[in-house]
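*Asks:* work-v9.tsv is the file, holding TSV, C-alpha atoms and all ligand atoms:
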chain	number	residue	atom	x	y	z
F	1	MET	CA	71.92	93.76	107.17
F	2	ALA	CA	71.44	93.36	110.89
F	3	GLY	CA	74.38	93.69	113.25
F	4	SER	CA	77.82	95.17	113.00
F	5	TYR	CA	80.13	94.86	110.03
F	6	ALA	CA	82.83	94.06	112.58
F	7	GLU	CA	81.04	90.88	113.52
F	8	LEU	CA	80.44	89.09	110.23
F	9	ASP	CA	81.84	85.63	109.59
F	10	GLY	CA	84.55	85.07	107.05
F	11	LYS	CA	88.06	86.13	106.22
F	12	ILE	CA	89.70	89.49	105.58
F	13	TRP	CA	93.01	89.88	103.79
F	14	ILE	CA	95.47	92.10	105.63
F	15	ASP	CA	99.03	92.77	104.47
F	16	GLY	CA	99.22	89.48	102.59
F	17	THR	CA	97.48	87.18	105.07
F	18	LEU	CA	93.89	86.03	105.40
F	19	VAL	CA	92.73	86.47	108.99
F	20	ASP	CA	89.44	85.71	110.71
F	21	TRP	CA	86.93	88.55	110.26
F	22	LYS	CA	86.87	89.38	113.98
F	23	ASP	CA	90.68	89.61	114.11
F	24	ALA	CA	90.97	92.21	111.32
F	25	ASN	CA	91.93	95.02	113.70
F	26	VAL	CA	94.44	97.88	113.88
F	27	HIS	CA	95.97	99.87	116.72
F	28	LEU	CA	94.28	103.06	117.92
F	29	LEU	CA	97.40	105.06	117.05
F	30	THR	CA	97.04	104.19	113.37
F	31	HIS	CA	97.94	107.37	111.45
F	32	ALA	CA	94.89	107.06	109.15
F	33	MET	CA	92.50	107.19	112.11
F	34	HIS	CA	93.79	110.63	113.07
F	35	TYR	CA	94.71	112.25	109.77
F	36	ALA	CA	92.65	110.44	107.07
F	37	SER	CA	95.74	108.98	105.42
F	38	ALA	CA	93.66	106.31	103.70
F	39	VAL	CA	92.49	105.54	100.17
F	40	PHE	CA	90.09	102.85	99.08
F	41	GLU	CA	88.20	101.17	96.27
F	42	GLY	CA	84.63	99.97	96.04
F	43	GLU	CA	84.13	97.25	93.46
F	44	ARG	CA	81.48	94.72	92.57
F	45	ALA	CA	81.90	91.14	91.44
F	46	TYR	CA	79.20	89.58	89.29
F	47	SER	CA	79.18	85.78	88.87
F	48	GLY	CA	82.73	85.54	90.17
F	49	LYS	CA	84.23	88.33	88.02
F	50	ILE	CA	85.01	91.79	89.37
F	51	PHE	CA	83.80	94.41	86.92
F	52	GLU	CA	86.70	96.58	85.69
F	53	SER	CA	88.90	95.01	88.35
F	54	ARG	CA	92.30	96.12	87.07
F	55	ARG	CA	91.05	99.65	86.51
F	56	HIS	CA	90.02	99.81	90.16
F	57	SER	CA	93.42	98.48	91.29
F	58	LYS	CA	95.15	101.05	89.12
F	59	ARG	CA	93.01	103.83	90.60
F	60	LEU	CA	93.86	102.64	94.11
F	61	ILE	CA	97.58	102.96	93.38
F	62	ALA	CA	97.01	106.41	91.80
F	63	SER	CA	94.93	107.52	94.80
F	64	GLY	CA	97.76	106.44	97.10
F	65	ARG	CA	100.30	108.41	95.06
F	66	ALA	CA	98.05	111.48	95.18
F	67	LEU	CA	98.32	111.26	98.97
F	68	ASP	CA	102.09	110.71	98.91
F	69	MET	CA	101.52	107.10	99.86
F	70	GLU	CA	103.12	104.42	97.70
F	71	ILE	CA	101.11	101.23	98.02
F	72	PRO	CA	103.57	98.35	98.39
F	73	TYR	CA	101.72	96.02	95.99
F	74	SER	CA	101.58	95.75	92.21
F	75	ILE	CA	98.33	95.67	90.24
F	76	ASP	CA	98.73	91.89	89.82
F	77	GLU	CA	99.24	91.43	93.55
F	78	ILE	CA	96.15	93.52	94.33
F	79	GLU	CA	94.16	91.50	91.80
F	80	ALA	CA	95.28	88.24	93.42
F	81	ALA	CA	94.40	89.55	96.90
F	82	LYS	CA	90.86	90.46	95.83
F	83	TYR	CA	90.14	87.09	94.23
F	84	GLU	CA	91.77	85.20	97.10
F	85	THR	CA	89.50	87.01	99.57
F	86	MET	CA	86.37	86.40	97.52
F	87	LYS	CA	87.24	82.73	97.24
F	88	ALA	CA	87.92	82.42	100.99
F	89	ASN	CA	84.47	83.87	101.64
F	90	GLY	CA	82.76	81.70	99.02
F	91	LEU	CA	81.33	84.75	97.24
F	92	ASP	CA	80.54	85.08	93.53
F	93	ASP	CA	78.37	88.19	93.70
F	94	ALA	CA	80.10	90.52	96.09
F	95	TYR	CA	81.05	94.02	97.01
F	96	VAL	CA	84.84	94.28	97.26
F	97	ARG	CA	86.41	96.91	99.49
F	98	VAL	CA	90.15	97.44	99.21
F	99	LEU	CA	91.65	99.84	101.72
F	100	ALA	CA	95.20	101.17	101.94
F	101	TRP	CA	96.32	103.30	104.84
F	102	ARG	CA	99.21	104.63	106.88
F	103	GLY	CA	99.50	102.42	109.91
F	104	ALA	CA	100.95	103.00	113.33
F	105	GLY	CA	104.66	103.70	113.26
F	106	GLU	CA	107.39	106.06	114.37
F	107	ASP	CA	105.34	109.12	113.39
F	108	MET	CA	102.36	110.29	115.36
F	109	GLY	CA	102.34	113.89	114.15
F	110	VAL	CA	100.94	115.03	110.83
F	111	SER	CA	103.88	113.61	108.87
F	112	SER	CA	103.58	109.91	108.14
F	113	ALA	CA	106.74	109.14	106.18
F	114	ARG	CA	108.02	106.69	108.78
F	115	ASN	CA	104.77	104.76	109.10
F	116	PRO	CA	104.09	101.65	107.00
F	117	VAL	CA	101.52	101.70	104.20
F	118	ARG	CA	99.18	98.80	104.83
F	119	MET	CA	96.44	97.21	102.75
F	120	ALA	CA	93.34	95.15	103.41
F	121	VAL	CA	90.62	93.52	101.33
F	122	ALA	CA	87.15	92.74	102.64
F	123	THR	CA	84.29	91.27	100.62
F	124	TRP	CA	80.63	90.88	101.46
F	125	ALA	CA	77.25	90.42	99.82
F	126	TRP	CA	75.65	93.80	99.14
F	127	GLY	CA	72.32	94.35	97.41
F	128	ASN	CA	70.92	97.58	95.97
F	129	TYR	CA	72.67	100.62	97.47
F	130	TYR	CA	69.47	102.70	97.28
F	131	GLY	CA	66.97	99.96	98.20
F	132	ASP	CA	63.87	100.04	95.97
F	133	ALA	CA	64.92	103.31	94.23
F	134	LYS	CA	65.96	101.19	91.22
F	135	MET	CA	62.27	100.99	90.28
F	136	LYS	CA	60.69	104.25	91.36
F	137	GLY	CA	63.59	106.69	91.48
F	138	ALA	CA	65.64	107.85	94.44
F	139	LYS	CA	64.73	110.94	96.42
F	140	LEU	CA	67.70	113.29	96.87
F	141	ASP	CA	68.24	116.19	99.21
F	142	ILE	CA	70.43	119.15	98.24
F	143	ALA	CA	73.58	119.16	100.36
F	144	ARG	CA	74.75	122.26	102.13
F	145	TRP	CA	78.37	121.11	101.72
F	146	LYS	CA	80.16	121.85	98.46
F	147	ARG	CA	82.72	119.73	96.59
F	148	PRO	CA	86.03	121.46	97.26
F	149	SER	CA	88.25	123.24	94.77
F	150	PRO	CA	91.13	121.23	93.23
F	151	GLU	CA	93.47	123.55	95.13
F	152	THR	CA	91.93	122.38	98.40
F	153	ALA	CA	91.90	118.59	98.08
F	154	PRO	CA	93.27	115.88	95.75
F	155	TYR	CA	89.92	115.33	94.05
F	156	THR	CA	91.03	112.56	91.68
F	157	ALA	CA	91.81	110.31	94.63
F	158	LYS	CA	89.27	108.06	96.24
F	159	ALA	CA	90.51	109.21	99.62
F	160	ALA	CA	88.84	108.81	103.01
F	161	GLY	CA	89.18	112.50	103.90
F	162	LEU	CA	87.00	113.55	100.96
F	163	TYR	CA	84.07	111.65	102.46
F	164	MET	CA	83.75	113.71	105.64
F	165	ILE	CA	81.36	116.17	103.94
F	166	CYS	CA	79.60	113.29	102.19
F	167	THR	CA	78.75	111.54	105.44
F	168	MET	CA	77.40	114.78	106.94
F	169	SER	CA	75.38	115.51	103.79
F	170	LYS	CA	73.97	112.01	103.81
F	171	HIS	CA	72.98	112.24	107.47
F	172	ALA	CA	71.07	115.46	106.77
F	173	ALA	CA	69.41	113.84	103.73
F	174	GLU	CA	68.33	110.76	105.64
F	175	ALA	CA	66.88	112.91	108.40
F	176	LYS	CA	64.57	114.38	105.73
F	177	GLY	CA	63.56	110.97	104.38
F	178	CYS	CA	65.88	111.16	101.35
F	179	SER	CA	68.25	108.40	100.35
F	180	ASP	CA	71.12	110.67	99.33
F	181	ALA	CA	72.12	114.26	98.65
F	182	MET	CA	73.21	116.04	95.50
F	183	MET	CA	76.18	118.31	96.05
F	184	PHE	CA	77.12	121.51	94.27
F	185	ASP	CA	80.78	122.35	93.80
F	186	TYR	CA	82.76	125.29	95.20
F	187	ARG	CA	81.65	127.46	92.26
F	188	GLY	CA	77.98	126.55	92.66
F	189	TYR	CA	77.75	124.13	89.71
F	190	VAL	CA	75.99	120.76	90.02
F	191	ALA	CA	78.64	118.19	90.99
F	192	GLU	CA	77.57	114.70	92.12
F	193	ALA	CA	75.91	112.71	94.89
F	194	THR	CA	77.81	111.64	98.03
F	195	GLY	CA	79.08	108.44	96.42
F	196	ALA	CA	77.87	108.49	92.83
F	197	ASN	CA	78.03	110.62	89.68
F	198	ILE	CA	74.97	112.24	88.16
F	199	PHE	CA	73.39	112.41	84.68
F	200	PHE	CA	70.42	114.35	83.29
F	201	VAL	CA	68.28	113.97	80.17
F	202	LYS	CA	66.59	116.75	78.22
F	203	ASN	CA	65.11	116.56	74.71
F	204	GLY	CA	66.79	113.20	74.05
F	205	GLU	CA	70.26	114.53	74.93
F	206	VAL	CA	72.33	113.84	78.03
F	207	HIS	CA	73.96	116.41	80.28
F	208	THR	CA	76.48	115.53	82.98
F	209	PRO	CA	78.83	117.68	85.03
F	210	ASP	CA	82.42	117.98	83.88
F	211	PRO	CA	84.44	116.02	86.49
F	212	ASP	CA	86.90	118.83	87.13
F	213	CYS	CA	86.66	118.75	90.94
F	214	PHE	CA	85.20	115.33	91.80
F	215	LEU	CA	85.79	111.67	91.03
F	216	ASN	CA	85.36	110.71	87.38
F	217	GLY	CA	83.78	107.37	88.28
F	218	ILE	CA	84.49	104.16	86.43
F	219	THR	CA	80.73	103.58	86.13
F	220	ARG	CA	80.34	107.13	84.77
F	221	GLN	CA	82.93	106.42	82.09
F	222	THR	CA	81.26	103.08	81.28
F	223	VAL	CA	77.86	104.77	80.88
F	224	LEU	CA	79.37	107.51	78.68
F	225	GLY	CA	80.61	104.71	76.41
F	226	MET	CA	77.13	103.15	76.32
F	227	LEU	CA	75.59	106.51	75.36
F	228	ARG	CA	78.22	107.02	72.68
F	229	ASP	CA	77.45	103.55	71.25
F	230	ARG	CA	73.79	104.56	71.00
F	231	GLY	CA	74.68	107.75	69.15
F	232	ILE	CA	73.17	109.87	71.92
F	233	LYS	CA	74.57	113.37	72.23
F	234	VAL	CA	76.28	113.95	75.59
F	235	HIS	CA	77.18	117.35	76.99
F	236	GLU	CA	79.90	117.18	79.65
F	237	ARG	CA	79.77	120.68	80.99
F	238	HIS	CA	79.16	122.98	83.92
F	239	ILE	CA	75.51	122.76	84.98
F	240	MET	CA	73.85	125.64	86.83
F	241	PRO	CA	71.42	124.93	89.70
F	242	GLU	CA	68.54	126.67	87.89
F	243	GLU	CA	68.84	124.18	85.04
F	244	LEU	CA	67.49	121.40	87.28
F	245	GLU	CA	64.00	122.70	86.57
F	246	GLY	CA	64.22	121.85	82.85
F	247	PHE	CA	65.70	118.33	83.02
F	248	GLU	CA	63.26	115.46	82.37
F	249	GLN	CA	65.19	112.45	83.64
F	250	CYS	CA	68.05	111.89	86.04
F	251	TRP	CA	70.15	108.95	87.18
F	252	LEU	CA	73.15	108.23	89.37
F	253	THR	CA	76.12	106.04	88.50
F	254	GLY	CA	78.54	104.30	90.80
F	255	THR	CA	79.90	100.88	91.58
F	256	ALA	CA	77.60	100.50	94.58
F	257	ALA	CA	74.73	102.53	93.07
F	258	GLU	CA	75.15	100.91	89.61
F	259	VAL	CA	72.65	102.94	87.52
F	260	THR	CA	69.97	104.25	89.88
F	261	PRO	CA	67.10	106.40	88.59
F	262	VAL	CA	66.40	109.64	90.49
F	263	GLY	CA	62.80	110.77	90.97
F	264	GLN	CA	63.37	113.93	92.98
F	265	ILE	CA	66.12	116.39	93.95
F	266	GLY	CA	64.90	118.92	96.48
F	267	ASP	CA	61.76	120.41	94.89
F	268	TYR	CA	62.60	119.23	91.35
F	269	ASN	CA	60.94	116.11	89.95
F	270	PHE	CA	62.10	113.70	87.26
F	271	GLU	CA	60.42	110.81	85.49
F	272	VAL	CA	61.97	107.35	85.36
F	273	GLY	CA	61.97	107.48	81.57
F	274	GLU	CA	62.84	105.17	78.73
F	275	LEU	CA	66.51	106.14	78.39
F	276	THR	CA	67.08	105.81	82.15
F	277	ARG	CA	65.56	102.34	82.15
F	278	ASP	CA	67.49	101.33	79.03
F	279	ILE	CA	70.83	102.44	80.51
F	280	ALA	CA	70.11	100.80	83.88
F	281	GLU	CA	69.14	97.48	82.28
F	282	SER	CA	72.00	97.54	79.78
F	283	TYR	CA	74.49	98.23	82.57
F	284	GLU	CA	73.18	95.21	84.47
F	285	LYS	CA	73.73	93.05	81.38
F	286	LEU	CA	77.16	94.51	80.64
F	287	VAL	CA	78.59	93.80	84.10
F	288	ARG	CA	77.64	90.13	83.74
F	289	THR	CA	79.24	89.60	80.31
F	301	LIG	N1	81.81	109.89	93.33
F	301	LIG	C1	82.07	109.49	94.59
F	301	LIG	C2	82.25	110.52	95.65
F	301	LIG	C3	82.16	108.13	94.88
F	301	LIG	O1	82.40	107.72	96.13
F	301	LIG	C4	81.95	107.18	93.86
F	301	LIG	C5	82.01	105.72	94.17
F	301	LIG	N2	83.31	105.24	94.07
F	301	LIG	C6	81.69	107.65	92.57
F	301	LIG	C7	81.62	109.01	92.34
F	301	LIG	C8	81.49	106.69	91.44
F	301	LIG	O2	82.69	106.03	91.14
F	301	LIG	P1	82.75	104.57	90.52
F	301	LIG	O3	81.79	104.58	89.38
F	301	LIG	O4	84.15	104.42	90.08
F	301	LIG	O5	82.33	103.62	91.57
Kindly return the structure encoded in the file as structure tokens.
Ligand code: PMP

*Replies:*
Amino acid sequence: MAGSYAELDGKIWIDGTLVDWKDANVHLLTHAMHYASAVFEGERAYSGKIFESRRHSKRLIASGRALDMEIPYSIDEIEAAKYETMKANGLDDAYVRVLAWRGAGEDMGVSSARNPVRMAVATWAWGNYYGDAKMKGAKLDIARWKRPSPETAPYTAKAAGLYMICTMSKHAAEAKGCSDAMMFDYRGYVAEATGANIFFVKNGEVHTPDPDCFLNGITRQTVLGMLRDRGIKVHERHIMPEELEGFEQCWLTGTAAEVTPVGQIGDYNFEVGELTRDIAESYEKLVRT
């Protein structure tokens, strides 16, 4: 995409009203801008239907609660807002971003109890998150930032503040010609990429980190179901860095990433093998049924 996301044409839903794209603004003293009091969802619609839409809306509400922020809309109202926005923008295949945040209000310190919780929905056309990696495998850097301990951050929430280390990790990765970075967790176990979960294959079995300090993605859970249906043995467990050497295949899962094969993580190489291709293709079919 060329140009700024602030300058697209179309409509954005804010607090119950569709406004022109260029008018979807907030005040500089918005609490979320200063203290990361924001949660969001990333969803994809295929042929007019948002994949796992209600599950995403539910997660948004749960993310808000994890941040002490009650979102003033029901699941049904959030569903209606998403479809209304897609329709206003004439999109069938779309990325759907729902954002809820503490707005400007009587509080400007760390507390935000007296500030309104606001919500917006934006939709746009978005192709492959990792460009041509779908075919040849993405190249990943190893991040120097670690996923924090559950005592440090509300890891089940899809919360803006958790992405600070992801953005920095991704910048470092891109500077090295990589499309993303794999992060270890606070204990040194393999965790995930900056916006996607990770899977490995070895001897026909699948290994994926236990999501005990990072987002248990909806795509991850969908892919686990697909593997179960195939009778493939899956090990959800702690994975040590030195195990990367022995894995044969690797892929990422996420709403934006869908199922993206990984060809390289740091100095470790992986083949885009049969199971990876099968899962990627089957996921593409599943989201359109
Ligand atoms: N981890 C992180 C940090 C993410 O941002 C995402 C994308 N939402 C995921 C994992 C994958 O989650 P999902 O499959 O629900 O999109």

*Asks:* Could you pull out the residues sitting within 7 Å of ligand LIG 301 (chain F), using all atoms listed in the file, and write them as a tab-separated table (two decimals) with C-alpha atoms, keeping the file's coordinate frame?

*Replies:*
chain	number	residue	atom	x	y	z
F	41	GLU	CA	88.20	101.17	96.27
F	42	GLY	CA	84.63	99.97	96.04
F	43	GLU	CA	84.13	97.25	93.46
F	158	LYS	CA	89.27	108.06	96.24
F	192	GLU	CA	77.57	114.70	92.12
F	193	ALA	CA	75.91	112.71	94.89
F	194	THR	CA	77.81	111.64	98.03
F	195	GLY	CA	79.08	108.44	96.42
F	196	ALA	CA	77.87	108.49	92.83
F	197	ASN	CA	78.03	110.62	89.68
F	214	PHE	CA	85.20	115.33	91.80
F	215	LEU	CA	85.79	111.67	91.03
F	216	ASN	CA	85.36	110.71	87.38
F	217	GLY	CA	83.78	107.37	88.28
F	218	ILE	CA	84.49	104.16	86.43
F	219	THR	CA	80.73	103.58	86.13
F	220	ARG	CA	80.34	107.13	84.77
F	253	THR	CA	76.12	106.04	88.50
F	254	GLY	CA	78.54	104.30	90.80
F	255	THR	CA	79.90	100.88	91.58
F	256	ALA	CA	77.60	100.50	94.58

*Asks:* Please measure the separation of atom CA of F:Ala133 and atom CA of F:Met183, giving the value in Å to one decimal.

*Replies:*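 Atom CA of F:Ala133 sits 18.8 Å away from atom CA of F:Met183.
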
*Asks:* From the options F:Ile14, F:Arg55, F:Trp124, F:Asp92, which residue's atoms come nearest to F:Val26, counting all atoms listed in the file?

*Replies:*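 With all atoms listed in the file as the atom set, the closest residue is F:Ile14.
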
*Asks:* Do you know which residues are at most 7 Å from stretch 229-246 of chain F counting only C-alpha atoms, after dropping those on the same chain fewer than 2 positions away, and could you put them as a VMD selection string?

*Replies:* chain F and resid 189 to 190 205 to 210 225 to 227 248 268

*Asks:* Report, in Å to a single decimal, how far apart atom CA of F:Asn128 and atom CA of F:Arg144 are.

*Replies:*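 Taking atom CA of F:Arg144 and atom CA of F:Asn128, their separation equals 25.7 Å.
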
*Asks:* Nearest residue to F:Glu79 out of F:Arg147, F:Arg54, F:Lys176, F:Arg102, using all atoms listed in the file?

*Replies:*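 Ranking F:Arg147, F:Arg54, F:Lys176, F:Arg102 by distance to F:Glu79, first place goes to F:Arg54.
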
*Asks:* Rounded to one decimal, what separation in Å do you get between atom CA of F:Ala36 and atom CA of F:Ala122?

*Replies:*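 Straight-line distance from atom CA of F:Ala36 to atom CA of F:Ala122 works out to 19.1 Å.
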
*Asks:* Please fill the gaps in stretch 134-156 of chain F so it has N, CA, C and O atoms, and write that as a CSV table (one decimal), in the frame of the given file.

*Replies:*
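What follows is the written file part.csv:
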chain,number,residue,atom,x,y,z
F,134,LYS,N,65.7,101.7,92.6
F,134,LYS,CA,66.0,101.2,91.2
F,134,LYS,C,64.7,101.2,90.4
F,134,LYS,O,64.7,101.4,89.2
F,135,MET,N,63.5,101.0,91.0
F,135,MET,CA,62.3,101.0,90.3
F,135,MET,C,61.6,102.4,90.2
F,135,MET,O,61.2,102.8,89.1
F,136,LYS,N,61.5,103.0,91.3
F,136,LYS,CA,60.7,104.2,91.4
F,136,LYS,C,61.5,105.6,91.4
F,136,LYS,O,60.9,106.6,91.3
F,137,GLY,N,62.8,105.5,91.5
F,137,GLY,CA,63.6,106.7,91.5
F,137,GLY,C,63.9,107.1,92.9
F,137,GLY,O,63.1,107.3,93.7
F,138,ALA,N,65.2,107.4,93.1
F,138,ALA,CA,65.6,107.8,94.4
F,138,ALA,C,65.2,109.3,94.7
F,138,ALA,O,65.1,110.1,93.8
F,139,LYS,N,65.1,109.6,96.0
F,139,LYS,CA,64.7,110.9,96.4
F,139,LYS,C,66.0,111.5,97.0
F,139,LYS,O,66.6,111.0,98.0
F,140,LEU,N,66.4,112.7,96.4
F,140,LEU,CA,67.7,113.3,96.9
F,140,LEU,C,67.5,114.6,97.5
F,140,LEU,O,66.6,115.4,97.0
F,141,ASP,N,68.2,114.9,98.6
F,141,ASP,CA,68.2,116.2,99.2
F,141,ASP,C,69.3,117.0,98.5
F,141,ASP,O,70.1,116.5,97.7
F,142,ILE,N,69.3,118.3,98.8
F,142,ILE,CA,70.4,119.2,98.2
F,142,ILE,C,71.4,119.5,99.4
F,142,ILE,O,70.9,120.0,100.4
F,143,ALA,N,72.6,119.0,99.3
F,143,ALA,CA,73.6,119.2,100.4
F,143,ALA,C,74.0,120.6,100.6
F,143,ALA,O,74.0,121.4,99.7
F,144,ARG,N,74.3,120.9,101.9
F,144,ARG,CA,74.8,122.3,102.1
F,144,ARG,C,76.3,122.3,102.0
F,144,ARG,O,76.9,123.4,101.9
F,145,TRP,N,76.9,121.1,101.9
F,145,TRP,CA,78.4,121.1,101.7
F,145,TRP,C,78.7,121.1,100.2
F,145,TRP,O,77.9,120.5,99.5
F,146,LYS,N,79.8,121.7,99.9
F,146,LYS,CA,80.2,121.8,98.5
F,146,LYS,C,81.4,121.0,98.2
F,146,LYS,O,82.3,120.9,99.0
F,147,ARG,N,81.5,120.4,97.0
F,147,ARG,CA,82.7,119.7,96.6
F,147,ARG,C,83.8,120.8,96.5
F,147,ARG,O,83.7,121.9,95.9
F,148,PRO,N,85.0,120.5,97.2
F,148,PRO,CA,86.0,121.5,97.3
F,148,PRO,C,86.8,121.7,95.9
F,148,PRO,O,86.8,120.9,95.0
F,149,SER,N,87.4,122.9,95.9
F,149,SER,CA,88.2,123.2,94.8
F,149,SER,C,89.5,122.3,94.6
F,149,SER,O,90.0,121.8,95.7
F,150,PRO,N,89.9,122.1,93.4
F,150,PRO,CA,91.1,121.2,93.2
F,150,PRO,C,92.4,121.7,94.0
F,150,PRO,O,93.3,121.0,94.2
F,151,GLU,N,92.3,123.0,94.3
F,151,GLU,CA,93.5,123.6,95.1
F,151,GLU,C,93.4,123.2,96.6
F,151,GLU,O,94.3,123.4,97.4
F,152,THR,N,92.2,122.7,97.0
F,152,THR,CA,91.9,122.4,98.4
F,152,THR,C,92.1,120.9,98.8
F,152,THR,O,92.4,120.6,99.9
F,153,ALA,N,91.9,120.0,97.8
F,153,ALA,CA,91.9,118.6,98.1
F,153,ALA,C,92.2,117.8,96.8
F,153,ALA,O,91.9,118.3,95.7
F,154,PRO,N,92.9,116.7,96.9
F,154,PRO,CA,93.3,115.9,95.8
F,154,PRO,C,92.0,115.1,95.2
F,154,PRO,O,91.8,114.0,95.5
F,155,TYR,N,91.3,115.8,94.4
F,155,TYR,CA,89.9,115.3,94.0
F,155,TYR,C,89.9,114.1,93.2
F,155,TYR,O,88.9,113.4,93.1
F,156,THR,N,91.0,113.8,92.5
F,156,THR,CA,91.0,112.6,91.7
F,156,THR,C,91.2,111.3,92.5
F,156,THR,O,91.0,110.2,92.0
